[in-house]
Every structure is written in C-alpha cells, then in structure tokens.
Amino acid sequence: MNYITTYLFNTQKQIKEVGWFRNALYLFIFYKVMVYLFQFKALFSEQGFIYHHVNHINPVVDSAFFLNNHYSVLLALLFIFSVGILSIIGLLRKSNYISNLTLWLLLMNLTSFLYPTLTAGDYLLNQLLFFNCFFMPQASKNSVLNDMKTALHNTALLAIKLQVCLAYFLAGYFKVIDDSWMNGDAIYQTFQIPEFSNALLVSIPYSITVVLTYFTIAYQLSFAFLVWFRPFKIYLFSFGIMQHLLIAFGMGLFQFGVIMCICYILFLKYDNRFQADFADGADK
C-alpha cells in the first residue's frame with residue numbers, strides 16, 4: 001500500500017513526456033478540425049450522407065449526443081470551430097480542467113454524430129481526451145487539493161498506459177483465436193482488398209506477409225509485459241511505429257495509426273525514484 005500512495009501522491013510523474021503527449025494530441029485534434037471543414041458538405045450539410053436521429057436516454061448521456069439531438073448546420077460549425085479554438089488554447093499551454101473537459105465533450109458530440117465513419121482511433125481518442133482533463137493541474141494553496149490533483153494526474157497517466165497495453169493484448173488474443181491469423185493469411189488477404197491496400201502492398205510477397213502476420217501477433221501479446229522493461233522499448237516502439245505507419249498510410253486507417261504512435265510518448269521514460277523504492281522494498 002505504501003508503494004501505491006508513494007506513486008500517487010509523491011509528485012506529478014513524467015511532466016515532460018505528458019507535455020509532449022498533450023502537444024501531439026492537440027495538433028492531431030486540430031488536424032481533425034481541418035478534415036471536418038474540408039469535408040463539411042459530405043459530413044455535416046443537409047445533403048450529407050450521415051443519417052442522424054433524436055435519441056434521448058438521460059441528461060448525463062445526452063450531453064454526448066447534443067449535436068445529434070439538436071442538429072443544425074450552424075450548430076455543427078460552432079462545435080467544429082470551438083474544438084479548433086480549444087486545441088489551439090491547449091497548444092499555447094493555457095488549458096485547464098474546464099477547457100479540456102469542454103474539448104472532450106465537444107469532440108464526443110462530433111464523433112457520436114459521425115458514428116458511421118468512426119474507426120478504433122476515434123474511440124481511443126475520446127478516452128485519451130478524458131484522461132487528458134486531469135493532466136498537469138495548476139498548483140493550489142490548499143495542500144490537500146494539491147495532493148488530489150497530483151493523484152488524478154498520476155492515475156490518468158497510468159490509466160492511459162494500461163489501456164494501451166490492454167488494447168494490444170486483446171487484439172493479439174482475438175488474433176490467436178482467428179483461423180485466418182493463425183494460418184498466416186490475414187495480412188495477405190487484407191492487402192488484396194482494394195479499400196485497404198494499394199499497388200505497393202498488393203505486390204508484397206506472400207511469404208513476407210506471413211512473417212508480418214506472426215510478428216504482429218507476437219508483438220501485441222508481448223507488448224503489455226515487455227514495455228515496462230527498458231531494454232525492450234526500442235524494439236517494441238520501432239516495430240510498432242513501422243506497423244502503425246503502414247496502417248496509416250498503406251491501409252488508409254490514418255487516425256488509428258497516428259493515435260497509437262502518440263500514446264508511445266508516455267512510455268518514453270519511467271519514474272526512476274518510484275522504481276528504485278519498489279526495488280529496495282522487494283529486496284527487504
């Protein structure tokens with residue numbers, strides 16, 4: 001229990017890495033705003049292909065579906081521009097609990113409205129923005145309040161790391177029980193689908209795609225365990241970045257690939273003091 005309280009309340013962990021992570025996150029959100037504006041007619045206009053309907057559940061849940069339940073072109077523009085402004089505020093290091101919570105709710109509304117177009121990257125982005133609300137809080141004169149803010153920061157940091165590990169492990173597990181992955185054909189078959197491939201990917205020899213298939217399974221199953229050990233990080237991240245860039249630029253699933261790479265930033269450094277204390281405690 002002492003190690004848990006030390007980790008949570010001692011100091012805000014990985015401030016530098018969290019700052020890099022937030023900058024990358026806000027830049028990515030600003031990119032999404034540009035995409036929304038560029039494709040506004042197709043996505044948000046009255047002639048767009050997105051079907052929406054009113055669906056009231058309860059006041060809390062409905063806050064994530066406000067745009068869908070009260071849709072208008074003007075309201076959609078307001079939400080998009082507000083997300084853009086809040087992302088710029090974040091890049092300028094002027095964000096706080098309220099602005100980040102508002103950013104999360106606004107983007108939740110946009111992704112809920114665009115449900116037919118979503119990928120796994122959109123769902124993960126919503127989770128990252130929620131935990132981002134608790135990062136790097138401003139200091140308070142109240143020591144108890146400062147301790148609570150520190151605990152929220154450290155909990156959010158650990159929660160994102162664990163979520164990434166869980167996402168990889170579950171992805172690997174479901175590949176193991178899938179015949180197309182276990183017989184080595186999955187990646188080759190995917191590259192033969194025009195919507196998820198291009199001329200370069202189609203030309204990759206079958207033998208190489210089989211190797212990539214098994215490397216992918218091994219990577220996803222082992223990531224959750226090996227990423228906590230420094231010697232393995234360079235190999236994990238090198239393969240992961242290569243894999244996600246291939247997904248982003250080769251298969252057209254750009255958002256998912258970039259979001260996963262952004263998450264790697266939080267694994268760049270560990271809390272040496274806590275690790276040393278933990279090791280000393282284990283020796284005793």
# chains A, B, ... in the order shown; residues from 1 in each chain; ligands from 1
$ select_by_dssp --residues "stretch 67-229 of chain A" --states "alpha helix (DSSP H)" --output "PyMOL selection string"
chain A and resi 67-69+73-91+97-113+120-132+143-176+179-182+186-191+199-202+206-226
$ write_last_selection --atoms "C-alpha atoms" --output "compact mmCIF listing (two decimals), in the first residue's frame"
# COMPACT_ATOMS: atom_id res chain seq x y z
CA LEU A 67 -25.35 17.76 -31.62
CA ASN A 68 -27.18 14.69 -32.84
CA ASN A 69 -30.37 15.52 -30.90
CA VAL A 73 -25.59 23.09 -39.86
CA LEU A 74 -24.84 26.20 -37.80
CA LEU A 75 -24.52 24.16 -34.59
CA ALA A 76 -22.14 21.74 -36.32
CA LEU A 77 -19.96 24.66 -37.45
CA LEU A 78 -19.99 26.06 -33.91
CA PHE A 79 -18.86 22.73 -32.46
CA ILE A 80 -16.07 22.34 -35.04
CA PHE A 81 -14.70 25.86 -34.60
CA SER A 82 -14.92 25.53 -30.81
CA VAL A 83 -12.85 22.32 -30.93
CA GLY A 84 -10.29 24.10 -33.11
CA ILE A 85 -10.04 27.06 -30.72
CA LEU A 86 -9.71 24.81 -27.66
CA SER A 87 -6.98 22.76 -29.33
CA ILE A 88 -5.04 25.98 -30.02
CA ILE A 89 -5.53 27.02 -26.38
CA GLY A 90 -4.06 23.65 -25.39
CA LEU A 91 -1.06 24.12 -27.68
CA TYR A 97 -9.86 21.42 -16.29
CA ILE A 98 -12.84 23.29 -17.77
CA SER A 99 -11.39 23.85 -21.24
CA ASN A 100 -10.17 20.25 -21.53
CA LEU A 101 -13.47 18.84 -20.29
CA THR A 102 -15.30 21.03 -22.80
CA LEU A 103 -12.97 19.86 -25.58
CA TRP A 104 -13.68 16.24 -24.67
CA LEU A 105 -17.47 16.75 -24.66
CA LEU A 106 -17.45 18.67 -27.95
CA LEU A 107 -15.39 16.04 -29.72
CA MET A 108 -17.57 13.31 -28.20
CA ASN A 109 -20.56 15.02 -29.82
CA LEU A 110 -18.84 15.23 -33.19
CA THR A 111 -17.76 11.59 -33.15
CA SER A 112 -21.21 10.49 -31.95
CA PHE A 113 -22.78 12.36 -34.86
CA ALA A 120 -10.90 2.41 -33.44
CA GLY A 121 -8.76 5.56 -33.43
CA ASP A 122 -11.81 7.73 -32.74
CA TYR A 123 -12.84 5.66 -29.73
CA LEU A 124 -9.30 5.69 -28.35
CA LEU A 125 -9.04 9.45 -28.92
CA ASN A 126 -12.16 10.02 -26.83
CA GLN A 127 -10.61 8.05 -23.97
CA LEU A 128 -7.32 9.92 -24.23
CA LEU A 129 -9.11 13.27 -24.13
CA PHE A 130 -10.99 12.23 -20.99
CA PHE A 131 -7.81 11.33 -19.12
CA ASN A 132 -6.13 14.42 -20.56
CA SER A 143 -2.16 21.17 0.20
CA VAL A 144 -4.97 18.61 0.30
CA LEU A 145 -6.30 19.86 -3.02
CA ASN A 146 -2.80 19.70 -4.49
CA ASP A 147 -2.48 16.08 -3.35
CA MET A 148 -5.79 15.25 -5.02
CA LYS A 149 -4.67 16.92 -8.25
CA THR A 150 -1.37 15.03 -8.16
CA ALA A 151 -3.18 11.73 -7.61
CA LEU A 152 -5.54 12.45 -10.54
CA HIS A 153 -2.59 13.30 -12.79
CA ASN A 154 -0.71 10.11 -11.90
CA THR A 155 -3.84 7.96 -12.13
CA ALA A 156 -4.66 9.33 -15.59
CA LEU A 157 -1.09 8.67 -16.73
CA LEU A 158 -1.17 5.08 -15.53
CA ALA A 159 -4.69 4.57 -16.92
CA ILE A 160 -3.63 5.52 -20.46
CA LYS A 161 -0.62 3.20 -20.30
CA LEU A 162 -2.73 0.31 -19.06
CA GLN A 163 -5.38 0.98 -21.69
CA VAL A 164 -2.79 0.81 -24.47
CA CYS A 165 -1.42 -2.43 -23.02
CA LEU A 166 -4.91 -3.89 -22.74
CA ALA A 167 -5.79 -2.83 -26.29
CA TYR A 168 -2.72 -4.61 -27.65
CA PHE A 169 -3.21 -7.74 -25.57
CA LEU A 170 -6.88 -8.13 -26.52
CA ALA A 171 -6.06 -7.50 -30.18
CA GLY A 172 -3.43 -10.24 -30.01
CA TYR A 173 -5.75 -12.61 -28.16
CA PHE A 174 -8.54 -12.30 -30.74
CA LYS A 175 -6.00 -12.89 -33.50
CA VAL A 176 -4.88 -16.12 -31.82
CA ASP A 179 -8.10 -19.05 -38.10
CA SER A 180 -7.13 -16.53 -40.79
CA TRP A 181 -4.45 -15.13 -38.50
CA MET A 182 -3.16 -18.42 -37.17
CA ALA A 186 -4.67 -12.48 -42.56
CA ILE A 187 -2.35 -9.69 -43.69
CA TYR A 188 -2.04 -11.10 -47.21
CA GLN A 189 -5.84 -11.27 -47.53
CA THR A 190 -6.19 -7.72 -46.22
CA PHE A 191 -3.70 -6.41 -48.78
CA ALA A 199 -0.26 -1.21 -55.57
CA LEU A 200 2.77 -1.39 -53.27
CA LEU A 201 1.05 -3.54 -50.64
CA VAL A 202 -0.53 -5.88 -53.17
CA TYR A 206 3.03 -13.90 -49.60
CA SER A 207 5.97 -15.24 -47.55
CA ILE A 208 6.70 -11.76 -46.17
CA THR A 209 3.06 -11.17 -45.21
CA VAL A 210 3.09 -14.48 -43.31
CA VAL A 211 6.13 -13.32 -41.31
CA LEU A 212 4.45 -9.96 -40.66
CA THR A 213 1.31 -11.77 -39.50
CA TYR A 214 3.11 -13.76 -36.82
CA PHE A 215 5.31 -10.82 -35.81
CA THR A 216 2.17 -8.75 -35.31
CA ILE A 217 0.60 -11.38 -33.05
CA ALA A 218 3.79 -11.77 -31.01
CA TYR A 219 4.18 -8.00 -30.72
CA GLN A 220 0.64 -7.40 -29.49
CA LEU A 221 0.68 -10.24 -26.95
CA SER A 222 4.09 -9.31 -25.54
CA PHE A 223 3.76 -5.52 -25.50
CA ALA A 224 1.80 -5.37 -22.23
CA PHE A 225 4.61 -7.23 -20.44
CA LEU A 226 7.82 -6.13 -22.17
$ closest_atom_pairs --of "stretch 29-106 of chain A" --to "stretch 250-264 of chain A" --cutoff "12 Å" --atoms "only C-alpha atoms" --output "JSON lines"
{"residue": "A:Ile29", "atom": "CA", "partner": "A:Gln255", "partner_atom": "CA", "distance": 10.2}
{"residue": "A:Tyr31", "atom": "CA", "partner": "A:Gln255", "partner_atom": "CA", "distance": 10.0}
{"residue": "A:Lys32", "atom": "CA", "partner": "A:Gln255", "partner_atom": "CA", "distance": 8.9}
{"residue": "A:Val35", "atom": "CA", "partner": "A:Gln255", "partner_atom": "CA", "distance": 11.3}
$ write_last_selection --atoms "N, CA and C atoms" --output "compact mmCIF listing (two decimals), in the first residue's frame"
# COMPACT_ATOMS: atom_id res chain seq x y z
N ILE A 29 -5.89 16.84 -33.01
CA ILE A 29 -7.27 17.32 -32.98
C ILE A 29 -7.45 18.48 -33.95
N TYR A 31 -5.80 18.87 -36.67
CA TYR A 31 -5.85 18.21 -37.98
C TYR A 31 -7.26 17.70 -38.27
N LYS A 32 -7.89 17.09 -37.25
CA LYS A 32 -9.25 16.59 -37.43
C LYS A 32 -10.22 17.72 -37.76
N VAL A 35 -9.94 18.48 -41.35
CA VAL A 35 -10.61 17.44 -42.13
C VAL A 35 -12.12 17.66 -42.11
$ residues_around --residues "A:Met136" --least-positions-apart "3" --cutoff "8 Å" --atoms "only C-alpha atoms" --output "list in words"
Gln12, Ile15, Val18 and His153 of chain A
$ decode --residues "stretch 179-199 of chain A" --atoms "N, CA and C atoms" --output "PDB file, in the first residue's frame"
ATOM      1  N   ASP A 179      -8.798 -18.124 -37.202  1.00  0.00           N
ATOM      2  CA  ASP A 179      -8.099 -19.051 -38.102  1.00  0.00           C
ATOM      3  C   ASP A 179      -7.296 -18.334 -39.174  1.00  0.00           C
ATOM      4  N   SER A 180      -7.820 -17.231 -39.705  1.00  0.00           N
ATOM      5  CA  SER A 180      -7.125 -16.534 -40.787  1.00  0.00           C
ATOM      6  C   SER A 180      -5.801 -15.930 -40.314  1.00  0.00           C
ATOM      7  N   TRP A 181      -5.707 -15.620 -39.031  1.00  0.00           N
ATOM      8  CA  TRP A 181      -4.445 -15.127 -38.498  1.00  0.00           C
ATOM      9  C   TRP A 181      -3.502 -16.271 -38.168  1.00  0.00           C
ATOM     10  N   MET A 182      -4.026 -17.320 -37.585  1.00  0.00           N
ATOM     11  CA  MET A 182      -3.158 -18.419 -37.172  1.00  0.00           C
ATOM     12  C   MET A 182      -2.602 -19.211 -38.349  1.00  0.00           C
ATOM     13  N   ASN A 183      -3.290 -19.210 -39.489  1.00  0.00           N
ATOM     14  CA  ASN A 183      -2.719 -19.901 -40.653  1.00  0.00           C
ATOM     15  C   ASN A 183      -1.833 -18.979 -41.481  1.00  0.00           C
ATOM     16  N   GLY A 184      -1.693 -17.729 -41.029  1.00  0.00           N
ATOM     17  CA  GLY A 184      -0.743 -16.803 -41.652  1.00  0.00           C
ATOM     18  C   GLY A 184      -1.269 -16.021 -42.831  1.00  0.00           C
ATOM     19  N   ASP A 185      -2.569 -16.125 -43.127  1.00  0.00           N
ATOM     20  CA  ASP A 185      -3.113 -15.493 -44.332  1.00  0.00           C
ATOM     21  C   ASP A 185      -3.701 -14.096 -44.103  1.00  0.00           C
ATOM     22  N   ALA A 186      -3.869 -13.676 -42.860  1.00  0.00           N
ATOM     23  CA  ALA A 186      -4.670 -12.481 -42.560  1.00  0.00           C
ATOM     24  C   ALA A 186      -4.159 -11.232 -43.258  1.00  0.00           C
ATOM     25  N   ILE A 187      -2.888 -10.920 -43.100  1.00  0.00           N
ATOM     26  CA  ILE A 187      -2.351  -9.687 -43.686  1.00  0.00           C
ATOM     27  C   ILE A 187      -2.355  -9.778 -45.209  1.00  0.00           C
ATOM     28  N   TYR A 188      -2.023 -10.933 -45.750  1.00  0.00           N
ATOM     29  CA  TYR A 188      -2.043 -11.096 -47.214  1.00  0.00           C
ATOM     30  C   TYR A 188      -3.451 -10.876 -47.751  1.00  0.00           C
ATOM     31  N   GLN A 189      -4.456 -11.448 -47.095  1.00  0.00           N
ATOM     32  CA  GLN A 189      -5.838 -11.273 -47.534  1.00  0.00           C
ATOM     33  C   GLN A 189      -6.278  -9.814 -47.427  1.00  0.00           C
ATOM     34  N   THR A 190      -5.831  -9.129 -46.385  1.00  0.00           N
ATOM     35  CA  THR A 190      -6.185  -7.718 -46.222  1.00  0.00           C
ATOM     36  C   THR A 190      -5.598  -6.881 -47.346  1.00  0.00           C
ATOM     37  N   PHE A 191      -4.358  -7.172 -47.722  1.00  0.00           N
ATOM     38  CA  PHE A 191      -3.705  -6.412 -48.782  1.00  0.00           C
ATOM     39  C   PHE A 191      -4.352  -6.631 -50.144  1.00  0.00           C
ATOM     40  N   GLN A 192      -5.167  -7.674 -50.268  1.00  0.00           N
ATOM     41  CA  GLN A 192      -5.856  -7.920 -51.534  1.00  0.00           C
ATOM     42  C   GLN A 192      -7.184  -7.176 -51.637  1.00  0.00           C
ATOM     43  N   ILE A 193      -7.594  -6.508 -50.554  1.00  0.00           N
ATOM     44  CA  ILE A 193      -8.839  -5.735 -50.552  1.00  0.00           C
ATOM     45  C   ILE A 193      -8.525  -4.319 -51.014  1.00  0.00           C
ATOM     46  N   PRO A 194      -9.083  -3.865 -52.130  1.00  0.00           N
ATOM     47  CA  PRO A 194      -8.726  -2.545 -52.688  1.00  0.00           C
ATOM     48  C   PRO A 194      -8.904  -1.399 -51.705  1.00  0.00           C
ATOM     49  N   GLU A 195      -9.952  -1.459 -50.884  1.00  0.00           N
ATOM     50  CA  GLU A 195     -10.213  -0.363 -49.943  1.00  0.00           C
ATOM     51  C   GLU A 195      -9.163  -0.259 -48.848  1.00  0.00           C
ATOM     52  N   PHE A 196      -8.407  -1.318 -48.593  1.00  0.00           N
ATOM     53  CA  PHE A 196      -7.408  -1.319 -47.532  1.00  0.00           C
ATOM     54  C   PHE A 196      -6.013  -1.638 -48.069  1.00  0.00           C
ATOM     55  N   SER A 197      -5.746  -1.243 -49.285  1.00  0.00           N
ATOM     56  CA  SER A 197      -4.470  -1.581 -49.874  1.00  0.00           C
ATOM     57  C   SER A 197      -4.122  -0.584 -50.977  1.00  0.00           C
ATOM     58  N   ASN A 198      -2.972  -0.814 -51.604  1.00  0.00           N
ATOM     59  CA  ASN A 198      -2.548  -0.048 -52.772  1.00  0.00           C
ATOM     60  C   ASN A 198      -1.605  -0.925 -53.580  1.00  0.00           C
ATOM     61  N   ALA A 199      -1.084  -0.398 -54.671  1.00  0.00           N
ATOM     62  CA  ALA A 199      -0.263  -1.211 -55.566  1.00  0.00           C
ATOM     63  C   ALA A 199       0.984  -1.748 -54.864  1.00  0.00           C
TER      64      ALA A 199
END
